[in-house]
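Here's my_file.cif, which has mmCIF, C-alpha atoms:
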data_my_file
#
loop_
_atom_site.label_atom_id
_atom_site.label_comp_id
_atom_site.auth_asym_id
_atom_site.auth_seq_id
_atom_site.Cartn_x
_atom_site.Cartn_y
_atom_site.Cartn_z
CA MET F 27 -118.74 50.62 55.31
CA LYS F 28 -115.41 49.51 53.87
CA ILE F 29 -115.12 46.72 56.45
CA GLU F 30 -118.57 45.39 55.50
CA LYS F 31 -117.61 45.33 51.81
CA VAL F 32 -114.37 43.49 52.62
CA ILE F 33 -116.25 40.90 54.72
CA ILE F 34 -118.85 40.39 51.97
CA LEU F 35 -116.06 40.06 49.36
CA LEU F 36 -114.25 37.48 51.53
CA LEU F 37 -117.46 35.49 52.02
CA MET F 38 -118.11 35.51 48.26
CA LEU F 39 -114.55 34.36 47.50
CA GLY F 40 -114.88 31.58 50.08
CA THR F 41 -118.15 30.43 48.52
CA ILE F 42 -116.67 30.51 44.99
CA SER F 43 -113.55 28.62 46.04
CA SER F 44 -115.62 25.98 47.86
CA PHE F 45 -117.63 25.44 44.67
CA SER F 46 -114.51 25.24 42.54
CA GLN F 47 -112.96 22.69 44.90
CA THR F 48 -115.81 20.19 44.57
CA LYS F 49 -114.27 16.96 43.40
CA ASP F 50 -115.76 14.91 40.59
CA THR F 51 -117.35 11.56 41.39
CA ILE F 52 -116.83 8.81 38.84
CA LYS F 53 -119.85 6.49 38.70
CA GLY F 54 -119.29 3.45 36.57
CA LYS F 55 -120.33 -0.12 35.94
CA LEU F 56 -117.93 -2.75 34.62
CA PHE F 57 -119.90 -5.42 32.78
CA PHE F 58 -118.98 -9.06 33.37
CA SER F 59 -120.81 -12.36 33.74
CA ASP F 60 -121.92 -13.94 37.03
CA HIS F 61 -119.53 -16.78 36.22
CA PHE F 62 -116.64 -14.30 35.94
CA TYR F 63 -117.56 -12.73 39.28
CA SER F 64 -117.74 -16.13 41.00
CA GLU F 65 -114.18 -16.83 39.81
CA PHE F 66 -112.72 -13.34 40.35
CA SER F 67 -114.85 -11.60 42.95
CA LEU F 68 -112.44 -9.01 44.36
CA ILE F 69 -112.12 -6.56 41.46
CA LEU F 70 -110.61 -3.18 42.28
CA VAL F 71 -110.63 0.14 40.43
CA LYS F 72 -108.53 3.22 40.95
CA GLU F 73 -107.77 6.41 39.10
CA ASN F 74 -104.13 7.31 38.50
CA ASP F 75 -104.24 10.24 40.96
CA THR F 76 -105.94 8.30 43.78
CA LYS F 77 -104.00 6.14 46.21
CA THR F 78 -106.75 3.87 47.51
CA PRO F 79 -108.63 1.58 45.13
CA ILE F 80 -112.36 0.89 45.40
CA VAL F 81 -113.89 -2.61 45.39
CA LEU F 82 -116.56 -3.15 42.72
CA ASN F 83 -119.82 -4.63 43.96
CA LYS F 84 -121.20 -7.88 42.51
CA ASN F 85 -122.98 -5.88 39.78
CA GLY F 86 -119.69 -4.24 38.78
CA GLU F 87 -120.76 -0.79 40.04
CA PHE F 88 -118.47 1.69 41.77
CA ASP F 89 -118.32 5.33 42.90
CA LEU F 90 -114.84 6.85 42.93
CA ILE F 91 -114.12 10.36 44.22
CA THR F 92 -111.28 11.88 42.25
CA GLY F 93 -108.09 13.30 43.74
CA ARG F 94 -108.32 16.38 41.53
CA ASN F 95 -110.62 17.42 38.72
CA LYS F 96 -109.38 17.00 35.16
CA LYS F 97 -110.68 16.49 31.63
CA TYR F 98 -110.03 12.72 31.52
CA TYR F 99 -109.54 10.15 34.25
CA ASP F 100 -107.40 7.09 33.65
CA LEU F 101 -109.13 4.18 35.38
CA VAL F 102 -107.33 0.92 36.07
CA PHE F 103 -109.27 -2.23 37.00
CA THR F 104 -107.30 -4.99 38.71
CA TYR F 105 -107.73 -8.45 40.11
CA LYS F 106 -104.92 -9.34 42.52
CA ASN F 107 -101.77 -8.39 40.58
CA ASP F 108 -103.37 -8.49 37.13
CA THR F 109 -104.60 -5.43 35.29
CA ILE F 110 -107.83 -6.55 33.64
CA ARG F 111 -108.96 -3.30 32.02
CA LYS F 112 -107.83 0.27 31.46
CA PHE F 113 -110.42 2.90 30.62
CA LYS F 114 -110.31 6.63 29.86
CA PHE F 115 -113.27 8.24 31.66
CA ASP F 116 -114.38 11.61 30.27
CA GLN F 117 -115.14 14.30 32.86
CA LYS F 118 -118.51 15.02 31.20
CA TRP F 119 -119.66 11.54 32.34
CA THR F 120 -119.31 12.64 36.00
CA LYS F 121 -122.52 14.65 35.49
CA ARG F 122 -124.53 11.47 34.72
CA LYS F 123 -127.07 10.21 37.23
CA SER F 124 -126.62 6.59 36.18
CA PRO F 125 -123.25 4.80 36.09
CA LYS F 126 -121.21 4.85 32.86
CA SER F 127 -121.17 1.41 31.23
CA ILE F 128 -117.74 -0.13 30.67
CA SER F 129 -117.32 -3.52 29.03
CA LEU F 130 -114.65 -5.85 30.35
CA ASN F 131 -113.46 -6.93 26.92
CA GLU F 132 -114.35 -4.83 23.90
CA LYS F 133 -112.33 -6.82 21.36
CA CYS F 134 -113.93 -10.25 21.45
CA ASN F 135 -113.86 -12.45 18.37
CA ALA F 136 -115.65 -15.43 19.93
CA SER F 137 -119.38 -15.93 20.43
CA LYS F 138 -122.14 -18.53 20.29
CA ARG F 139 -122.29 -17.87 16.55
CA THR F 140 -118.57 -18.52 15.99
CA ALA F 141 -118.89 -21.70 18.09
CA LEU F 142 -121.66 -22.97 15.78
CA ILE F 143 -119.54 -22.17 12.73
CA ASP F 144 -116.54 -24.00 14.24
CA ILE F 145 -118.69 -27.04 15.09
CA LYS F 146 -120.03 -27.13 11.52
CA ASN F 147 -116.49 -26.87 10.10
CA ASN F 148 -114.96 -29.43 12.53
CA ASN F 149 -112.69 -26.73 13.92
CA VAL F 150 -113.85 -26.80 17.56
CA LYS F 151 -111.79 -25.24 20.33
CA LEU F 152 -112.27 -25.28 24.08
CA PHE F 153 -110.76 -22.34 25.93
CA LEU F 154 -109.08 -22.80 29.29
CA PHE F 155 -107.90 -20.39 31.96
CA SER F 156 -105.89 -20.81 35.13
CA ARG F 157 -104.01 -18.27 37.23
CA ASN F 158 -101.63 -21.07 38.24
CA PRO F 159 -98.66 -20.92 35.82
CA ASN F 160 -97.99 -24.64 36.41
CA GLU F 161 -101.38 -25.48 34.86
CA ASN F 162 -101.04 -23.37 31.70
CA THR F 163 -99.84 -26.19 29.47
CA ILE F 164 -101.58 -29.00 27.64
CA ASN F 165 -100.46 -32.34 29.06
CA LYS F 166 -100.25 -35.77 27.40
CA GLN F 167 -103.70 -36.83 28.62
CA ASP F 168 -105.23 -33.60 27.25
CA ILE F 169 -103.65 -34.27 23.84
CA GLU F 170 -105.19 -37.76 23.77
CA ILE F 171 -108.64 -36.33 24.61
CA GLU F 172 -108.23 -33.67 21.89
CA LYS F 173 -107.45 -36.36 19.28
CA ARG F 174 -110.19 -38.72 20.41
CA TYR F 175 -112.96 -36.10 20.32
CA ASN F 176 -111.60 -33.91 17.51
CA PHE F 177 -111.21 -30.52 19.21
CA ARG F 178 -108.33 -28.33 20.36
CA TYR F 179 -107.58 -26.82 23.78
CA VAL F 180 -106.46 -23.18 23.88
CA TYR F 181 -105.13 -21.62 27.10
CA LEU F 182 -105.97 -17.94 27.54
CA LYS F 183 -103.24 -15.75 28.97
CA LYS F 184 -105.32 -12.85 30.34
CA ILE F 185 -108.21 -12.76 32.81
CA GLU F 186 -110.06 -10.16 30.76
CA GLN F 187 -110.44 -12.73 27.95
CA PHE F 188 -112.42 -15.04 30.26
CA ASP F 189 -115.90 -13.65 29.52
CA CYS F 190 -115.14 -13.26 25.84
CA TYR F 191 -114.77 -17.03 25.42
CA LEU F 192 -117.38 -18.10 28.00
CA ASP F 193 -120.33 -18.01 25.57
CA TYR F 194 -118.29 -19.82 22.91
CA ASN F 195 -117.40 -22.63 25.34
CA ARG F 196 -120.94 -22.91 26.68
CA LYS F 197 -122.31 -23.37 23.17
CA VAL F 198 -119.67 -26.02 22.37
CA LEU F 199 -120.39 -27.83 25.64
CA GLU F 200 -124.11 -27.75 24.83
CA ILE F 201 -123.87 -29.04 21.22
CA LEU F 202 -120.82 -31.32 21.15
CA PRO F 203 -122.19 -33.94 23.60
CA LEU F 204 -125.20 -34.35 21.31
CA LYS F 205 -122.82 -35.35 18.51
CA ILE F 206 -120.20 -37.40 20.36
CA GLY F 207 -121.81 -38.41 23.65
CA TYR F 208 -121.86 -36.96 27.14
CA GLU F 209 -119.04 -39.13 28.53
CA PHE F 210 -116.43 -36.77 27.08
CA LEU F 211 -117.51 -34.04 29.55
CA ASN F 212 -116.06 -36.09 32.42
CA LYS F 213 -112.68 -36.29 30.68
CA LEU F 214 -112.18 -32.59 30.00
CA ASN F 215 -109.45 -30.48 31.58
CA LYS F 216 -110.72 -28.92 34.83
CA ASN F 217 -109.74 -25.42 33.61
CA VAL F 218 -112.24 -25.36 30.73
CA ILE F 219 -114.11 -22.04 31.04
CA GLY F 220 -117.82 -22.52 31.73
CA MET F 221 -117.61 -26.07 33.08
CA ASN F 222 -118.70 -25.10 36.61
#

Please express what this file holds, its structure, as C-alpha coordinates.
Amino acid sequence: MKIEKVIILLLMLGTISSFSQTKDTIKGKLFFSDHFYSEFSLILVKENDTKTPIVLNKNGEFDLITGRNKKYYDLVFTYKNDTIRKFKFDQKWTKRKSPKSISLNEKCNASKRTALIDIKNNNVKLFLFSRNPNENTINKQDIEIEKRYNFRYVYLKKIEQFDCYLDYNRKVLEILPLKIGYEFLNKLNKNVIGMN
(Lines of atoms letter the chains of each structure in order from A and count residues from 1; the text may use other names and numbers.)
(Lines give C-alpha, C1' and ligand atoms only; values in the text may rest on other atoms or scores of the structure.)
Protein backbone atom coordinates (compact mmCIF):
# COMPACT_ATOMS: atom_id res chain seq x y z
CA MET A 1 0.00 0.00 0.00
CA LYS A 2 2.83 2.38 0.86
CA ILE A 3 4.55 1.68 -2.47
CA GLU A 4 1.36 2.53 -4.38
CA LYS A 5 1.03 5.84 -2.52
CA VAL A 6 4.68 6.68 -3.26
CA ILE A 7 4.20 5.89 -6.98
CA ILE A 8 1.01 7.99 -7.14
CA LEU A 9 2.79 10.86 -5.33
CA LEU A 10 5.73 10.67 -7.78
CA LEU A 11 3.37 10.69 -10.76
CA MET A 12 1.53 13.72 -9.37
CA LEU A 13 4.80 15.59 -8.76
CA GLY A 14 5.94 14.78 -12.30
CA THR A 15 2.68 16.08 -13.73
CA ILE A 16 2.85 19.27 -11.64
CA SER A 17 6.48 19.92 -12.57
CA SER A 18 5.75 19.35 -16.27
CA PHE A 19 2.96 21.95 -16.06
CA SER A 20 5.17 24.41 -14.23
CA GLN A 21 7.93 24.00 -16.82
CA THR A 22 5.74 25.02 -19.77
CA LYS A 23 7.47 27.93 -21.42
CA ASP A 24 5.61 31.06 -22.45
CA THR A 25 5.14 31.80 -26.14
CA ILE A 26 5.37 35.44 -27.17
CA LYS A 27 3.06 36.19 -30.10
CA GLY A 28 3.53 39.62 -31.53
CA LYS A 29 3.14 41.77 -34.60
CA LEU A 30 5.48 44.66 -35.39
CA PHE A 31 3.63 47.21 -37.52
CA PHE A 32 5.46 48.72 -40.49
CA SER A 33 4.62 49.75 -44.04
CA ASP A 34 5.02 47.58 -47.15
CA HIS A 35 7.57 50.14 -48.33
CA PHE A 36 9.59 49.65 -45.14
CA TYR A 37 9.51 45.87 -45.58
CA SER A 38 10.65 46.11 -49.21
CA GLU A 39 13.68 48.13 -48.03
CA PHE A 40 14.45 46.17 -44.84
CA SER A 41 12.97 42.70 -45.26
CA LEU A 42 15.08 40.64 -42.85
CA ILE A 43 13.89 41.90 -39.46
CA LEU A 44 14.82 39.77 -36.46
CA VAL A 45 13.47 39.64 -32.91
CA LYS A 46 14.91 38.02 -29.82
CA GLU A 47 14.31 38.09 -26.12
CA ASN A 48 17.26 38.81 -23.83
CA ASP A 49 17.34 35.23 -22.48
CA THR A 50 17.12 33.54 -25.89
CA LYS A 51 20.17 32.93 -28.06
CA THR A 52 18.56 32.49 -31.46
CA PRO A 53 16.55 35.31 -33.01
CA ILE A 54 13.36 34.75 -35.01
CA VAL A 55 12.71 36.26 -38.45
CA LEU A 56 9.49 38.30 -38.70
CA ASN A 57 7.23 37.41 -41.61
CA LYS A 58 6.18 40.03 -44.18
CA ASN A 59 3.22 40.98 -41.97
CA GLY A 60 5.55 41.59 -39.02
CA GLU A 61 4.24 38.59 -37.06
CA PHE A 62 6.37 36.29 -34.93
CA ASP A 63 6.10 33.51 -32.32
CA LEU A 64 8.98 33.35 -29.85
CA ILE A 65 9.31 30.62 -27.23
CA THR A 66 10.93 32.02 -24.13
CA GLY A 67 14.05 30.63 -22.46
CA ARG A 68 12.44 30.89 -19.02
CA ASN A 69 9.18 32.30 -17.76
CA LYS A 70 9.23 35.74 -16.16
CA LYS A 71 6.98 38.74 -15.54
CA TYR A 72 8.36 40.87 -18.40
CA TYR A 73 10.27 39.96 -21.54
CA ASP A 74 12.70 42.41 -23.09
CA LEU A 75 12.31 42.11 -26.85
CA VAL A 76 14.90 43.52 -29.24
CA PHE A 77 14.10 43.98 -32.94
CA THR A 78 17.07 44.30 -35.28
CA TYR A 79 17.89 44.79 -38.92
CA LYS A 80 21.46 43.73 -39.71
CA ASN A 81 23.51 45.46 -36.98
CA ASP A 82 20.93 48.12 -36.16
CA THR A 83 18.52 47.89 -33.24
CA ILE A 84 15.26 49.26 -34.62
CA ARG A 85 12.98 48.77 -31.60
CA LYS A 86 13.05 47.63 -27.99
CA PHE A 87 9.83 46.53 -26.35
CA LYS A 88 8.87 45.30 -22.87
CA PHE A 89 6.40 42.43 -23.34
CA ASP A 90 4.19 41.68 -20.32
CA GLN A 91 3.77 38.00 -19.45
CA LYS A 92 -0.04 38.42 -19.31
CA TRP A 93 0.04 39.01 -23.10
CA THR A 94 1.33 35.44 -23.63
CA LYS A 95 -2.22 34.26 -22.86
CA ARG A 96 -3.63 36.15 -25.88
CA LYS A 97 -4.87 34.21 -28.90
CA SER A 98 -4.02 37.01 -31.31
CA PRO A 99 -0.57 38.62 -31.58
CA LYS A 100 0.23 41.69 -29.45
CA SER A 101 0.48 44.81 -31.61
CA ILE A 102 3.78 46.69 -31.46
CA SER A 103 4.36 49.87 -33.44
CA LEU A 104 7.75 50.43 -35.01
CA ASN A 105 7.95 54.08 -34.03
CA GLU A 106 5.67 55.40 -31.30
CA LYS A 107 7.12 58.92 -31.16
CA CYS A 108 6.43 60.29 -34.62
CA ASN A 109 5.96 64.01 -35.12
CA ALA A 110 5.46 63.89 -38.90
CA SER A 111 2.31 63.03 -40.84
CA LYS A 112 0.29 63.97 -43.91
CA ARG A 113 -1.22 66.75 -41.81
CA THR A 114 2.15 68.24 -40.81
CA ALA A 115 3.24 68.02 -44.47
CA LEU A 116 0.21 70.10 -45.52
CA ILE A 117 0.98 72.66 -42.81
CA ASP A 118 4.62 72.86 -43.93
CA ILE A 119 3.59 73.29 -47.58
CA LYS A 120 1.20 76.10 -46.60
CA ASN A 121 3.93 77.82 -44.54
CA ASN A 122 6.69 77.35 -47.17
CA ASN A 123 8.65 75.22 -44.72
CA VAL A 124 8.80 71.98 -46.74
CA LYS A 125 11.27 69.23 -45.90
CA LEU A 126 12.08 66.00 -47.70
CA PHE A 127 13.43 63.23 -45.52
CA LEU A 128 16.19 60.94 -46.74
CA PHE A 129 17.63 57.69 -45.46
CA SER A 130 20.62 55.59 -46.46
CA ARG A 131 22.49 52.88 -44.58
CA ASN A 132 25.61 53.89 -46.51
CA PRO A 133 27.51 56.40 -44.32
CA ASN A 134 29.13 57.91 -47.44
CA GLU A 135 25.68 59.03 -48.66
CA ASN A 136 24.50 60.67 -45.44
CA THR A 137 25.47 64.20 -46.42
CA ILE A 138 23.87 66.85 -48.58
CA ASN A 139 26.10 67.56 -51.59
CA LYS A 140 26.48 70.73 -53.66
CA GLN A 141 23.95 69.61 -56.28
CA ASP A 142 21.39 68.84 -53.53
CA ILE A 143 21.86 72.34 -52.08
CA GLU A 144 21.18 73.89 -55.50
CA ILE A 145 17.98 71.84 -55.88
CA GLU A 146 16.88 72.85 -52.36
CA LYS A 147 17.32 76.55 -53.21
CA ARG A 148 15.68 76.30 -56.62
CA TYR A 149 12.54 74.53 -55.36
CA ASN A 150 12.39 76.04 -51.86
CA PHE A 151 12.58 72.96 -49.62
CA ARG A 152 15.12 71.41 -47.28
CA TYR A 153 16.62 67.90 -47.22
CA VAL A 154 16.89 66.17 -43.83
CA TYR A 155 18.84 62.91 -43.44
CA LEU A 156 17.42 60.52 -40.86
CA LYS A 157 19.92 58.70 -38.69
CA LYS A 158 17.83 55.70 -37.58
CA ILE A 159 15.97 53.04 -39.57
CA GLU A 160 13.04 53.11 -37.17
CA GLN A 161 12.31 56.71 -38.25
CA PHE A 162 11.76 55.58 -41.85
CA ASP A 163 8.02 54.85 -41.59
CA CYS A 164 7.42 57.90 -39.43
CA TYR A 165 8.43 60.23 -42.27
CA LEU A 166 7.12 58.13 -45.17
CA ASP A 167 3.58 59.59 -45.10
CA TYR A 168 4.98 63.12 -44.75
CA ASN A 169 7.21 62.66 -47.82
CA ARG A 170 4.45 61.03 -49.86
CA LYS A 171 2.13 63.97 -49.23
CA VAL A 172 4.87 66.47 -50.17
CA LEU A 173 5.68 64.50 -53.34
CA GLU A 174 1.97 64.47 -54.23
CA ILE A 175 1.29 68.20 -53.68
CA LEU A 176 4.56 69.98 -54.48
CA PRO A 177 4.68 68.99 -58.19
CA LEU A 178 1.24 70.58 -58.60
CA LYS A 179 2.72 73.88 -57.41
CA ILE A 180 6.19 73.85 -58.99
CA GLY A 181 6.01 71.29 -61.81
CA TYR A 182 6.80 67.60 -62.10
CA GLU A 183 10.32 68.05 -63.52
CA PHE A 184 11.73 68.55 -60.02
CA LEU A 185 10.95 64.89 -59.17
CA ASN A 186 13.69 63.78 -61.60
CA LYS A 187 16.26 65.96 -59.85
CA LEU A 188 15.69 64.75 -56.30
CA ASN A 189 18.26 62.84 -54.25
CA LYS A 190 17.84 59.08 -54.78
CA ASN A 191 17.57 58.51 -51.01
CA VAL A 192 14.31 60.45 -50.60
CA ILE A 193 11.98 58.17 -48.61
CA GLY A 194 8.90 57.15 -50.61
CA MET A 195 10.31 57.85 -54.07
CA ASN A 196 10.26 54.19 -55.15

- request: Find the residues near range 116-121 of chain F: any atom within 12 Å, counting all atoms listed in the file, skip ones fewer than 2 places away on the same chain, and give them as a PyMOL selection string.
  value: chain F and resi 48-54+89-92+94-101+113-114+123-128

query: Quick one: distance from CA of Leu82 in chain F to CA of Leu70 in chain F in Å, one decimal?
result: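 Computing the Euclidean distance for CA of Leu82 in chain F and CA of Leu70 in chain F yields 6.0 Å.
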
Closest of F:Lys197, F:Lys72, F:Lys84, F:Lys213 to Ile169 in chain F - atom-to-atom distances counting all atoms listed in the file: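 When distances to Ile169 in chain F are compared using all atoms listed in the file, the smallest one comes from F:Lys213.
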
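Candidate residues F:Phe177, F:Leu214, F:Lys106, F:Glu172 were compared for distance to Asn147 in chain F, and the nearest is F:Phe177, using all atoms listed in the file.
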
field: the PyMOL selection byres ((chain F and resi 134) around 8) resolved against shown file, as a ChimeraX atom specification
entry: /F:131-133,135-137,187,190-191

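With CA of Ser156 in chain F on one side and CA of Asn215 in chain F on the other, the separation reads 10.9 Å.
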
- request: Pull the neighbourhood of (-100.4, -9.3, 39.5) for me: all residues within 12 Å in file coordinates, counting only C-alpha atoms, as a count of residues only.
  value: 12
